$ cat upload32.cif   # mmCIF, C-alpha atoms and all ligand atoms
data_target
#
loop_
_atom_site.label_atom_id
_atom_site.label_comp_id
_atom_site.auth_asym_id
_atom_site.auth_seq_id
_atom_site.Cartn_x
_atom_site.Cartn_y
_atom_site.Cartn_z
CA MET A 1 47.27 -100.52 87.43
CA GLN A 2 45.30 -99.70 84.31
CA ASN A 3 44.93 -96.11 85.47
CA LYS A 4 48.62 -95.73 86.13
CA LYS A 5 49.38 -97.01 82.63
CA SER A 6 47.04 -94.59 80.89
CA GLU A 7 48.33 -91.73 82.99
CA ASN A 8 51.86 -92.53 81.89
CA LEU A 9 50.80 -92.76 78.28
CA LYS A 10 49.01 -89.43 78.49
CA GLU A 11 52.06 -87.83 80.03
CA GLN A 12 54.22 -89.26 77.26
CA VAL A 13 51.89 -88.04 74.50
CA LEU A 14 51.76 -84.54 75.96
CA ARG A 15 55.52 -84.39 76.28
CA MET A 16 56.23 -85.69 72.77
CA SER A 17 53.68 -83.42 71.12
CA GLY A 18 54.08 -80.30 73.22
CA VAL A 19 50.28 -79.88 72.91
CA ASN A 20 48.09 -78.49 75.68
CA PRO A 21 44.64 -80.03 75.05
CA SER A 22 42.96 -77.89 77.68
CA LYS A 23 43.25 -74.90 75.33
CA CYS A 24 40.63 -76.54 73.07
CA MET A 25 37.18 -74.93 73.01
CA ARG A 26 35.55 -77.83 71.13
CA CYS A 27 34.62 -75.77 68.07
CA GLY A 28 35.35 -78.68 65.72
CA LYS A 29 37.04 -76.53 63.11
CA CYS A 30 40.03 -78.88 62.94
CA SER A 31 37.77 -81.78 62.04
CA GLY A 32 35.74 -79.65 59.65
CA THR A 33 38.87 -78.86 57.63
CA CYS A 34 40.53 -82.29 57.86
CA PRO A 35 40.90 -83.89 54.40
CA SER A 36 40.85 -87.33 56.01
CA TYR A 37 37.67 -86.73 57.97
CA ASP A 38 35.57 -89.37 56.14
CA GLU A 39 38.26 -91.99 56.63
CA MET A 40 38.72 -91.50 60.35
CA GLU A 41 36.94 -93.30 63.15
CA TYR A 42 38.13 -90.60 65.58
CA HIS A 43 38.49 -87.09 64.21
CA PRO A 44 41.08 -84.45 65.12
CA HIS A 45 38.91 -82.73 67.77
CA GLN A 46 38.22 -86.16 69.31
CA PHE A 47 41.95 -86.83 69.53
CA VAL A 48 42.20 -83.63 71.54
CA TYR A 49 39.54 -84.42 74.12
CA MET A 50 40.30 -88.12 74.30
CA VAL A 51 43.92 -87.33 75.09
CA GLU A 52 42.75 -84.84 77.68
CA ASN A 53 40.59 -87.58 79.23
CA GLY A 54 43.51 -90.03 79.17
CA ASP A 55 41.74 -92.30 76.70
CA ILE A 56 45.02 -93.05 74.93
CA GLU A 57 44.70 -96.77 74.38
CA THR A 58 41.41 -96.44 72.49
CA LEU A 59 43.13 -94.08 70.07
CA MET A 60 46.17 -96.35 69.77
CA LYS A 61 43.91 -99.21 68.68
CA SER A 62 42.21 -97.18 65.98
CA ASP A 63 43.23 -97.02 62.32
CA SER A 64 42.65 -93.26 62.51
CA VAL A 65 46.28 -92.78 63.54
CA TYR A 66 47.32 -93.90 60.04
CA LYS A 67 44.86 -91.67 58.18
CA CYS A 68 46.42 -88.31 58.93
CA LEU A 69 48.03 -86.77 55.85
CA SER A 70 50.28 -84.37 57.80
CA CYS A 71 48.67 -81.54 55.85
CA PHE A 72 48.77 -79.24 58.92
CA ALA A 73 45.40 -77.72 57.97
CA CYS A 74 44.11 -78.41 61.49
CA VAL A 75 47.20 -76.71 62.91
CA ASP A 76 46.80 -73.48 60.98
CA ARG A 77 42.99 -73.33 61.14
CA CYS A 78 42.50 -73.98 64.85
CA PRO A 79 41.48 -70.68 66.44
CA ARG A 80 43.12 -71.68 69.72
CA GLY A 81 46.52 -72.86 68.51
CA VAL A 82 46.00 -76.39 69.81
CA GLU A 83 47.80 -78.19 66.93
CA PRO A 84 45.83 -81.46 66.86
CA ALA A 85 48.10 -82.98 64.15
CA LYS A 86 50.88 -83.18 66.72
CA LEU A 87 48.69 -85.37 68.92
CA VAL A 88 47.87 -87.68 66.02
CA GLU A 89 51.59 -87.92 65.30
CA ALA A 90 52.45 -88.70 68.93
CA LEU A 91 49.75 -91.38 69.12
CA ARG A 92 50.97 -93.02 65.92
CA LEU A 93 54.53 -93.05 67.23
CA CYS A 94 53.32 -94.63 70.48
CA VAL A 95 52.00 -97.48 68.34
CA ILE A 96 54.79 -98.01 65.82
CA ARG A 97 57.60 -97.60 68.33
CA GLN A 98 56.43 -100.87 69.91
CA LYS A 99 58.26 -103.97 68.81
CA GLY A 100 56.68 -105.64 65.78
CA LYS A 101 54.12 -102.87 65.32
CA ASN A 102 55.28 -101.33 62.06
CA HIS A 103 52.26 -100.44 59.98
CA MET A 104 54.15 -100.72 56.68
CA THR A 105 57.38 -102.52 55.84
CA ALA A 106 59.60 -102.73 52.78
CA ASP A 107 57.77 -105.95 51.84
CA ASP A 108 54.54 -103.99 51.39
CA ILE A 109 56.09 -101.58 48.88
CA PRO A 110 56.16 -103.62 45.62
CA ALA A 111 52.38 -104.01 45.77
CA VAL A 112 51.77 -100.25 45.85
CA LEU A 113 54.58 -99.17 43.55
CA ASP A 114 54.17 -98.07 39.95
CA ASP A 115 56.70 -96.66 37.47
CA GLU A 116 55.88 -93.04 38.15
CA MET A 117 55.62 -93.06 41.93
CA PRO A 118 58.22 -90.61 43.30
CA GLN A 119 60.77 -91.67 45.95
CA GLN A 120 59.25 -88.97 48.11
CA ALA A 121 56.04 -91.00 48.50
CA LEU A 122 57.93 -94.07 49.66
CA VAL A 123 60.29 -92.38 52.09
CA SER A 124 57.40 -90.38 53.55
CA ALA A 125 55.25 -93.47 54.01
CA MET A 126 58.10 -95.41 55.59
CA ARG A 127 58.85 -92.51 57.90
CA LYS A 128 55.22 -92.23 58.98
CA TYR A 129 54.39 -95.92 59.19
CA SER A 130 57.49 -97.74 60.34
CA LYS A 131 60.35 -97.56 62.78
CA MET B 132 75.80 -64.71 43.99
CA LYS B 133 76.38 -68.26 45.26
CA PHE B 134 73.93 -70.36 47.24
CA SER B 135 74.10 -73.78 48.80
CA TYR B 136 71.55 -75.98 47.08
CA TYR B 137 69.73 -79.04 48.40
CA PRO B 138 68.10 -80.99 45.54
CA GLY B 139 66.79 -84.06 47.46
CA CYS B 140 66.35 -87.62 46.29
CA THR B 141 63.28 -87.26 44.10
CA LEU B 142 64.89 -84.48 42.04
CA ARG B 143 67.66 -86.92 41.16
CA THR B 144 65.26 -89.54 39.89
CA LYS B 145 61.59 -89.00 39.09
CA ALA B 146 61.63 -85.20 39.15
CA LYS B 147 64.72 -84.38 37.09
CA GLU B 148 62.84 -81.63 35.25
CA LEU B 149 62.21 -79.80 38.50
CA ASP B 150 65.94 -79.81 39.30
CA ARG B 151 67.40 -79.25 35.85
CA TRP B 152 65.40 -76.13 35.01
CA ALA B 153 65.84 -74.76 38.51
CA ARG B 154 69.61 -74.79 38.08
CA SER B 155 69.76 -73.42 34.54
CA SER B 156 67.15 -70.72 35.18
CA ALA B 157 68.99 -69.60 38.32
CA LEU B 158 72.20 -69.24 36.31
CA ALA B 159 70.36 -67.16 33.71
CA LEU B 160 69.23 -64.91 36.58
CA GLY B 161 72.73 -64.57 38.04
CA ALA B 162 72.41 -67.01 40.95
CA GLU B 163 74.69 -70.02 41.16
CA LEU B 164 73.28 -73.04 42.98
CA CYS B 165 76.13 -75.07 44.50
CA GLU B 166 74.97 -78.54 45.48
CA VAL B 167 75.62 -79.44 49.12
CA GLU B 168 78.26 -82.19 49.16
CA ASP B 169 77.15 -85.58 50.44
CA TRP B 170 73.62 -84.44 51.21
CA GLN B 171 71.31 -87.12 52.56
CA CYS B 172 67.57 -87.65 52.03
CA CYS B 173 65.44 -85.35 54.21
CA GLY B 174 63.00 -88.21 54.87
CA GLY B 175 60.16 -86.67 52.85
CA VAL B 176 58.02 -85.63 55.77
CA TYR B 177 58.66 -83.84 59.06
CA VAL B 178 57.94 -85.78 62.23
CA SER B 179 56.67 -83.25 64.73
CA ALA B 180 57.41 -85.22 67.92
CA ARG B 181 60.01 -83.41 70.00
CA ASP B 182 61.77 -86.60 71.00
CA GLU B 183 62.30 -87.64 67.39
CA ILE B 184 65.98 -86.83 66.82
CA ALA B 185 67.70 -89.21 64.41
CA THR B 186 65.24 -88.58 61.56
CA LYS B 187 66.17 -84.89 61.57
CA LEU B 188 69.94 -85.20 61.44
CA SER B 189 70.16 -85.27 57.64
CA SER B 190 68.50 -81.85 57.49
CA VAL B 191 70.80 -80.51 60.19
CA ARG B 192 73.86 -81.74 58.27
CA ALA B 193 72.76 -79.85 55.15
CA LEU B 194 72.01 -76.73 57.20
CA MET B 195 75.41 -76.92 58.89
CA SER B 196 77.19 -77.37 55.62
CA ALA B 197 75.59 -74.18 54.25
CA ARG B 198 76.43 -72.35 57.46
CA ASP B 199 80.08 -73.40 57.21
CA LYS B 200 80.20 -71.99 53.67
CA GLY B 201 78.52 -68.77 54.78
CA GLN B 202 75.74 -69.29 52.22
CA PRO B 203 71.94 -69.37 52.43
CA LEU B 204 70.44 -72.80 51.67
CA VAL B 205 68.08 -73.05 48.68
CA THR B 206 65.55 -75.85 48.26
CA VAL B 207 63.13 -76.43 45.42
CA CYS B 208 61.07 -79.53 46.34
CA SER B 209 58.18 -78.54 48.63
CA ALA B 210 58.70 -81.55 50.88
CA CYS B 211 62.45 -81.03 51.38
CA HIS B 212 61.76 -77.38 52.03
CA ASN B 213 59.16 -78.17 54.67
CA VAL B 214 61.33 -80.71 56.49
CA ILE B 215 64.48 -78.56 56.42
CA LYS B 216 62.68 -75.37 57.41
CA GLN B 217 60.80 -77.04 60.28
CA THR B 218 64.01 -78.67 61.48
CA ASN B 219 65.80 -75.32 61.36
CA HIS B 220 62.99 -73.74 63.36
CA ALA B 221 63.19 -76.47 66.00
CA MET B 222 66.96 -75.90 66.24
CA GLN B 223 66.31 -72.20 66.83
CA THR B 224 63.48 -72.49 69.32
CA ASP B 225 63.71 -75.81 71.21
CA LYS B 226 66.89 -75.81 73.26
CA GLU B 227 66.48 -79.32 74.63
CA PHE B 228 66.01 -80.68 71.12
CA ALA B 229 68.97 -78.68 69.77
CA ASP B 230 71.23 -79.90 72.58
CA LYS B 231 70.37 -83.53 71.80
CA VAL B 232 70.96 -82.99 68.08
CA ASN B 233 74.32 -81.35 68.71
CA LEU B 234 75.30 -84.23 70.94
CA TYR B 235 74.59 -86.66 68.08
CA MET B 236 76.41 -84.42 65.62
CA SER B 237 79.50 -84.35 67.81
CA GLN B 238 79.84 -88.08 67.02
CA ASP B 239 80.15 -87.40 63.27
CA LYS B 240 83.60 -87.97 61.81
CA GLU B 241 83.85 -84.41 60.63
CA LYS B 242 83.89 -82.08 63.64
CA ARG B 243 81.82 -78.94 63.28
CA GLU B 244 80.64 -76.12 65.48
CA PRO B 245 77.32 -76.81 67.24
CA TYR B 246 74.34 -75.60 65.24
CA HIS B 247 71.52 -73.36 66.43
CA GLY B 248 69.58 -72.59 63.29
CA GLU B 249 71.83 -69.84 61.88
CA THR B 250 71.31 -70.74 58.21
CA GLN B 251 68.84 -68.73 56.15
CA VAL B 252 66.64 -71.16 54.19
CA TYR B 253 64.99 -70.06 50.96
CA HIS B 254 62.58 -71.98 48.82
CA TYR B 255 63.42 -71.27 45.17
CA LEU B 256 60.28 -69.15 44.83
CA GLU B 257 61.39 -67.09 47.83
CA LEU B 258 64.79 -66.70 46.17
CA LEU B 259 63.01 -65.27 43.12
CA ARG B 260 60.77 -62.99 45.19
CA ASP B 261 63.06 -61.86 48.02
CA VAL B 262 66.60 -62.02 46.63
CA ILE B 263 66.45 -61.73 42.84
CA GLY B 264 63.09 -59.93 42.72
CA PHE B 265 60.14 -60.65 40.41
CA ASP B 266 60.91 -57.39 38.56
CA LYS B 267 64.28 -58.79 37.52
CA VAL B 268 62.62 -62.05 36.50
CA ARG B 269 60.15 -60.10 34.37
CA GLU B 270 62.99 -58.19 32.69
CA ALA B 271 64.81 -61.44 31.92
CA VAL B 272 61.80 -63.06 30.22
CA LYS B 273 62.46 -63.69 26.52
CA ASN B 274 59.30 -65.60 25.67
CA PRO B 275 56.42 -64.16 27.67
CA LEU B 276 53.74 -66.79 28.22
CA THR B 277 51.05 -64.39 27.04
CA GLY B 278 47.50 -65.71 27.20
CA LYS B 279 48.40 -68.87 29.14
CA LYS B 280 46.08 -69.49 32.07
CA VAL B 281 48.12 -71.00 34.87
CA ALA B 282 46.72 -72.40 38.12
CA ALA B 283 49.22 -72.34 40.99
CA TYR B 284 48.89 -75.37 43.21
CA TYR B 285 50.42 -74.61 46.60
CA GLY B 286 49.25 -77.73 48.41
CA CYS B 287 50.26 -77.95 52.07
CA LEU B 288 53.99 -78.13 52.46
CA LEU B 289 55.08 -74.72 51.18
CA LEU B 290 52.60 -72.91 53.40
CA ARG B 291 51.99 -74.85 56.60
CA PRO B 292 52.51 -74.53 59.44
CA GLY B 293 52.40 -70.82 58.62
CA SER B 294 54.12 -69.67 61.80
CA VAL B 295 57.16 -71.77 60.89
CA MET B 296 57.21 -71.63 57.10
CA GLY B 297 56.62 -67.87 56.85
CA PHE B 298 56.23 -68.41 53.11
CA ASP B 299 53.11 -66.38 52.47
CA ASP B 300 49.58 -65.78 53.79
CA VAL B 301 48.46 -69.37 54.46
CA GLU B 302 44.87 -68.88 53.32
CA ASN B 303 45.36 -66.29 50.61
CA PRO B 304 48.87 -66.68 49.21
CA ARG B 305 50.08 -64.78 46.14
CA ILE B 306 53.75 -65.62 45.60
CA MET B 307 53.06 -68.19 42.86
CA GLU B 308 50.51 -65.92 41.18
CA ASP B 309 53.06 -63.07 41.20
CA PHE B 310 55.57 -65.51 39.71
CA ILE B 311 53.09 -66.45 36.98
CA ARG B 312 52.47 -62.77 36.21
CA ALA B 313 56.21 -62.11 36.00
CA LEU B 314 56.38 -64.73 33.24
CA GLY B 315 53.67 -62.90 31.31
CA ALA B 316 50.98 -65.53 31.95
CA GLU B 317 47.63 -65.13 33.67
CA PRO B 318 47.12 -66.70 37.10
CA VAL B 319 43.93 -68.63 37.81
CA ILE B 320 42.67 -68.37 41.40
CA TYR B 321 40.64 -71.42 42.49
CA PRO B 322 39.36 -72.61 45.86
CA MET B 323 41.41 -75.81 46.23
CA ARG B 324 44.83 -74.29 45.60
CA ASN B 325 45.98 -74.74 49.21
CA GLU B 326 44.24 -78.03 50.02
CA CYS B 327 45.91 -81.43 50.30
CA CYS B 328 46.43 -83.75 47.28
CA GLY B 329 46.44 -86.83 49.50
CA GLY B 330 50.24 -86.93 49.81
CA TYR B 331 51.79 -90.21 50.88
CA MET B 332 48.30 -91.73 51.17
CA ALA B 333 49.06 -92.80 47.58
CA THR B 334 50.69 -95.82 49.25
CA GLU B 335 48.38 -96.48 52.20
CA ASP B 336 44.98 -95.62 50.73
CA PRO B 337 45.13 -94.77 46.99
CA ALA B 338 41.35 -94.24 46.84
CA LEU B 339 41.64 -91.40 49.34
CA ALA B 340 44.52 -89.84 47.39
CA ALA B 341 42.39 -90.11 44.22
CA LYS B 342 39.51 -88.29 45.87
CA LYS B 343 41.68 -85.48 47.22
CA SER B 344 43.75 -84.88 44.10
CA GLY B 345 40.69 -85.17 41.84
CA ALA B 346 39.03 -82.35 43.78
CA VAL B 347 42.10 -80.14 43.28
CA SER B 348 42.56 -80.67 39.54
CA GLU B 349 38.83 -80.35 38.85
CA SER B 350 38.70 -77.11 40.81
CA ALA B 351 41.61 -75.71 38.76
CA ALA B 352 40.18 -76.89 35.44
CA GLY B 353 36.71 -75.65 36.38
CA HIS B 354 38.12 -72.17 36.86
CA GLY B 355 39.58 -72.18 33.37
CA ALA B 356 43.20 -73.27 33.88
CA ASP B 357 45.21 -74.45 30.85
CA VAL B 358 47.89 -75.89 33.08
CA ILE B 359 48.61 -76.47 36.78
CA VAL B 360 52.04 -75.66 38.26
CA THR B 361 53.50 -77.23 41.36
CA ALA B 362 56.80 -77.42 43.26
CA CYS B 363 56.07 -80.87 44.65
CA PRO B 364 56.79 -84.21 42.90
CA LEU B 365 54.20 -86.02 45.01
CA CYS B 366 51.47 -83.46 44.26
CA LYS B 367 52.31 -83.84 40.58
CA TYR B 368 52.19 -87.61 40.80
CA ASN B 369 48.84 -87.65 42.59
CA LEU B 370 47.24 -85.15 40.23
CA VAL B 371 48.48 -86.86 37.05
CA LYS B 372 47.82 -90.38 38.32
CA ASN B 373 44.25 -89.43 39.15
CA GLN B 374 43.43 -88.05 35.71
CA SER B 375 43.86 -84.32 36.04
CA PRO B 376 41.85 -82.82 33.15
CA VAL B 377 44.72 -80.35 32.48
CA PRO B 378 48.49 -80.91 32.30
CA VAL B 379 50.56 -80.55 35.48
CA VAL B 380 54.11 -79.19 35.22
CA TYR B 381 56.80 -77.99 37.59
CA PHE B 382 57.04 -74.24 38.04
CA THR B 383 60.70 -74.37 36.99
CA GLU B 384 59.68 -75.74 33.58
CA LEU B 385 57.54 -72.67 32.92
CA LEU B 386 60.31 -70.43 34.19
CA ALA B 387 62.89 -72.01 31.88
CA GLU B 388 60.48 -71.75 28.95
CA ALA B 389 59.85 -68.06 29.60
CA LEU B 390 63.53 -67.27 30.14
CA GLY B 391 64.43 -69.00 26.88
CA VAL B 392 66.70 -71.40 28.76
CA LYS B 393 65.03 -74.45 27.24
CA GLU B 394 65.79 -73.38 23.64
CA ASP B 395 69.38 -72.57 24.52
CA THR B 396 69.78 -76.10 25.76
CA HIS B 397 68.24 -77.59 22.62
CA ALA B 398 70.59 -75.53 20.47
CA GLU B 399 73.68 -76.92 22.19
S1 LIG A 401 47.18 -82.77 59.69
FE1 LIG A 401 46.14 -84.74 59.77
S2 LIG A 401 44.54 -84.50 61.31
FE2 LIG A 401 45.21 -82.43 60.75
S3 LIG A 401 43.79 -81.78 59.11
FE3 LIG A 401 45.57 -82.71 58.11
S4 LIG A 401 45.02 -84.88 57.81
FE4 LIG A 401 43.59 -84.02 59.34
S1 LIG A 402 39.95 -76.34 66.03
FE1 LIG A 402 41.19 -76.16 67.90
S2 LIG A 402 39.80 -75.34 69.46
FE2 LIG A 402 38.52 -76.09 67.77
S3 LIG A 402 38.04 -78.25 68.32
FE3 LIG A 402 39.89 -78.32 67.07
S4 LIG A 402 41.57 -78.28 68.55
FE4 LIG A 402 39.74 -77.57 69.64
#
$ encode --input "upload32.cif" --output "structure tokens" --more "lines below"
Ligand code: SF4
Ligand code: SF4
Amino acid sequence: MQNKKSENLKEQVLRMSGVNPSKCMRCGKCSGTCPSYDEMEYHPHQFVYMVENGDIETLMKSDSVYKCLSCFACVDRCPRGVEPAKLVEALRLCVIRQKGKNHMTADDIPAVLDDEMPQQALVSAMRKYSK
Amino acid sequence: MKFSYYPGCTLRTKAKELDRWARSSALALGAELCEVEDWQCCGGVYVSARDEIATKLSSVRALMSARDKGQPLVTVCSACHNVIKQTNHAMQTDKEFADKVNLYMSQDKEKREPYHGETQVYHYLELLRDVIGFDKVREAVKNPLTGKKVAAYYGCLLLRPGSVMGFDDVENPRIMEDFIRALGAEPVIYPMRNECCGGYMATEDPALAAKKSGAVSESAAGHGADVIVTACPLCKYNLVKNQSPVPVVYFTELLAEALGVKEDTHAE
């Protein structure tokens, strides 16, 4: 049962992201260039091999899915064209698309807002963190 | 020459200077930016998942509207540019995605031809480089910014992903430096010019945004910059909020200053 579920999740993540994790040669360059490296429990190269191993639920439980800045550095600097950011994105969507699993809601905004903060920051955060 | 123009929500509110000087400088250079009617917010950030459709429709509507006018679409905010350009690329290359989008679009009140990524999208800097030409910009300069040391901050969104954005060499870009030279100023090359400012982490984890943007502004200042230029309201916010040692301005402000457009406006 458990195995079937993680297989389905893996299939879903691969389809959403269009990523082929088996292209990865484990060089770690994506993680080396990731600006969120220090903040992540699992780093971009770990997303790649954990997805390959079907270890999706561990990733879904980790805060690391919220730490990606969508900077695409790992996409452009991967020598194998793996595009790890697309896996992080797919994993995050797997979490927030579940009912009641929004990571940020409109009620959280007043606490982070100041007079200068551009609309762009808010719409981006809402797009990344809530459904 | 006329272009469709997509300002985006932040340029209407917190980043009016980016918008205002983009329009008046374009006019001074012979390009008329015609705002897309009824444009909607691009959403600020592109969601790469292929099954994410609804969040990309606002970009498709703007792209279609430019196509129907037979005009290229010009953007100026880095984030809008990234979202619209990536959406356009997906419409060109991912047939399944494009079919789903066109199915949604067929439900819109206004009926339009299906869209397959026909519109040419230019960031304002690309308009200056590829359509107007930096030589023409240089000729139009009335107040050369001689002696000013300007650090171009590219950040992420103009450049990456390189295969989609096609903006410039992702690791060693020069379009903003060429722009700075055309204005008579001196570009400052510094290591952090294409690294992330922390972006929307300003909401989720401000300490991380502070660390990332601090590293950028210190790198620029450490290499002798008098001022940092950006095309992104969120980069500007993060840099200023986290005590950049040097001022941060939009590239269109420098352009307007050099073209003498700012004085003309004051004289009115
Ligand atoms: S896109 Fe995300 S995972 Fe990739 S380098 Fe940037 S912050 Fe790290
Ligand atoms: S940079 Fe690419 S090949 Fe290297 S570990 Fe990361 S995903 Fe794998």
$ interface_residues --input "upload32.cif" --of "chain A" --to "chain B" --cutoff "8 Å" --atoms "all atoms listed in the file" --output "count of residues only"
31
$ residues_near_point --input "upload32.cif" --point "(66.4, -73.3, 47.2)" --cutoff "12 Å" --atoms "all atoms listed in the file" --output "ChimeraX atom specification"
/B:133-139,149-150,153-154,157,162-167,194,197,202-213,215-216,251-262,362,383
$ write_last_selection --input "upload32.cif" --atoms "C-alpha atoms" --output "compact mmCIF listing (two decimals), keeping the file's coordinate frame"
# COMPACT_ATOMS: atom_id res chain seq x y z
CA LYS B 133 76.38 -68.26 45.26
CA PHE B 134 73.93 -70.36 47.24
CA SER B 135 74.10 -73.78 48.80
CA TYR B 136 71.55 -75.98 47.08
CA TYR B 137 69.73 -79.04 48.40
CA PRO B 138 68.10 -80.99 45.54
CA GLY B 139 66.79 -84.06 47.46
CA LEU B 149 62.21 -79.80 38.50
CA ASP B 150 65.94 -79.81 39.30
CA ALA B 153 65.84 -74.76 38.51
CA ARG B 154 69.61 -74.79 38.08
CA ALA B 157 68.99 -69.60 38.32
CA ALA B 162 72.41 -67.01 40.95
CA GLU B 163 74.69 -70.02 41.16
CA LEU B 164 73.28 -73.04 42.98
CA CYS B 165 76.13 -75.07 44.50
CA GLU B 166 74.97 -78.54 45.48
CA VAL B 167 75.62 -79.44 49.12
CA LEU B 194 72.01 -76.73 57.20
CA ALA B 197 75.59 -74.18 54.25
CA GLN B 202 75.74 -69.29 52.22
CA PRO B 203 71.94 -69.37 52.43
CA LEU B 204 70.44 -72.80 51.67
CA VAL B 205 68.08 -73.05 48.68
CA THR B 206 65.55 -75.85 48.26
CA VAL B 207 63.13 -76.43 45.42
CA CYS B 208 61.07 -79.53 46.34
CA SER B 209 58.18 -78.54 48.63
CA ALA B 210 58.70 -81.55 50.88
CA CYS B 211 62.45 -81.03 51.38
CA HIS B 212 61.76 -77.38 52.03
CA ASN B 213 59.16 -78.17 54.67
CA ILE B 215 64.48 -78.56 56.42
CA LYS B 216 62.68 -75.37 57.41
CA GLN B 251 68.84 -68.73 56.15
CA VAL B 252 66.64 -71.16 54.19
CA TYR B 253 64.99 -70.06 50.96
CA HIS B 254 62.58 -71.98 48.82
CA TYR B 255 63.42 -71.27 45.17
CA LEU B 256 60.28 -69.15 44.83
CA GLU B 257 61.39 -67.09 47.83
CA LEU B 258 64.79 -66.70 46.17
CA LEU B 259 63.01 -65.27 43.12
CA ARG B 260 60.77 -62.99 45.19
CA ASP B 261 63.06 -61.86 48.02
CA VAL B 262 66.60 -62.02 46.63
CA ALA B 362 56.80 -77.42 43.26
CA THR B 383 60.70 -74.37 36.99
$ closest_residue --input "upload32.cif" --among "A:Cys27, A:Pro44, A:Val51, A:Asn20" --to "A:Pro79" --atoms "all atoms listed in the file"
A:Cys27
$ residues_near_ligand --input "upload32.cif" --ligand "ligand LIG 402 (chain A)" --cutoff "9 Å" --atoms "all atoms listed in the file" --output "PyMOL selection string"
chain A and resi 21-33+44-49+74-84
$ axis_aligned_box --input "upload32.cif" --around "ligand LIG 401 (chain A)" --padding-each-side "5 Å" --output "AutoDock Vina command-line options"
--center_x 45.4 --center_y -83.3 --center_z 59.6 --size_x 13.6 --size_y 13.1 --size_z 13.5
$ atom_distance --input "upload32.cif" --atom1 "atom CA of B:Ala341" --atom2 "atom CA of B:Ser375"
10.1 Å
$ atom_distance --input "upload32.cif" --atom1 "atom FE2 of ligand LIG 401 (chain A)" --atom2 "atom CA of A:Arg97"
21.0 Å
$ atom_distance --input "upload32.cif" --atom1 "atom S4 of ligand LIG 401 (chain A)" --atom2 "atom CA of A:Ala85"
7.3 Å
$ closest_residue --input "upload32.cif" --among "B:Tyr381, B:Trp170, B:Phe298, B:Tyr285" --to "B:Ile320" --atoms "all atoms listed in the file"
B:Tyr285
$ residues_around --input "upload32.cif" --residues "B:Ala185" --least-positions-apart "4" --cutoff "9 Å" --atoms "only C-alpha atoms" --output "compact mmCIF listing (two decimals) with C-alpha atoms, in the frame of the given file"
# COMPACT_ATOMS: atom_id res chain seq x y z
CA SER B 189 70.16 -85.27 57.64
CA VAL B 232 70.96 -82.99 68.08
CA TYR B 235 74.59 -86.66 68.08
$ residues_near_point --input "upload32.cif" --point "(81.5, -79.5, 70.0)" --cutoff "12 Å" --atoms "all atoms listed in the file" --output "number ranges by chain"
B: 230-246
$ closest_residue --input "upload32.cif" --among "A:Leu14, A:Ile56, A:Ser70, A:Met50" --to "ligand LIG 401 (chain A)" --atoms "all atoms listed in the file"
A:Ser70
$ closest_residue --input "upload32.cif" --among "B:Ala271, B:Ile311, B:Val379, B:Ala356" --to "B:Ser156" --atoms "all atoms listed in the file"
B:Ala271
$ closest_residue --input "upload32.cif" --among "A:Lys101, A:Lys131, A:Lys4, A:Arg92" --to "ligand LIG 401 (chain A)" --atoms "all atoms listed in the file"
A:Arg92
$ closest_residue --input "upload32.cif" --among "A:Asp63, A:Leu87, A:Ser6, A:Glu41" --to "ligand LIG 401 (chain A)" --atoms "only C-alpha atoms and all ligand atoms"
A:Leu87
$ residues_around --input "upload32.cif" --residues "B:Val358" --least-positions-apart "5" --cutoff "12 Å" --atoms "all atoms listed in the file" --output "PyMOL selection string"
chain B and resi 276+278-284+311+316-319+348-349+351-353+367+370-371+375-382+384-385
$ write_last_selection --input "upload32.cif" --atoms "C-alpha atoms" --output "CSV table (one decimal), keeping the file's coordinate frame"
chain,number,residue,atom,x,y,z
B,276,LEU,CA,53.7,-66.8,28.2
B,278,GLY,CA,47.5,-65.7,27.2
B,279,LYS,CA,48.4,-68.9,29.1
B,280,LYS,CA,46.1,-69.5,32.1
B,281,VAL,CA,48.1,-71.0,34.9
B,282,ALA,CA,46.7,-72.4,38.1
B,283,ALA,CA,49.2,-72.3,41.0
B,284,TYR,CA,48.9,-75.4,43.2
B,311,ILE,CA,53.1,-66.4,37.0
B,316,ALA,CA,51.0,-65.5,32.0
B,317,GLU,CA,47.6,-65.1,33.7
B,318,PRO,CA,47.1,-66.7,37.1
B,319,VAL,CA,43.9,-68.6,37.8
B,348,SER,CA,42.6,-80.7,39.5
B,349,GLU,CA,38.8,-80.4,38.8
B,351,ALA,CA,41.6,-75.7,38.8
B,352,ALA,CA,40.2,-76.9,35.4
B,353,GLY,CA,36.7,-75.6,36.4
B,367,LYS,CA,52.3,-83.8,40.6
B,370,LEU,CA,47.2,-85.2,40.2
B,371,VAL,CA,48.5,-86.9,37.0
B,375,SER,CA,43.9,-84.3,36.0
B,376,PRO,CA,41.8,-82.8,33.2
B,377,VAL,CA,44.7,-80.4,32.5
B,378,PRO,CA,48.5,-80.9,32.3
B,379,VAL,CA,50.6,-80.6,35.5
B,380,VAL,CA,54.1,-79.2,35.2
B,381,TYR,CA,56.8,-78.0,37.6
B,382,PHE,CA,57.0,-74.2,38.0
B,384,GLU,CA,59.7,-75.7,33.6
B,385,LEU,CA,57.5,-72.7,32.9
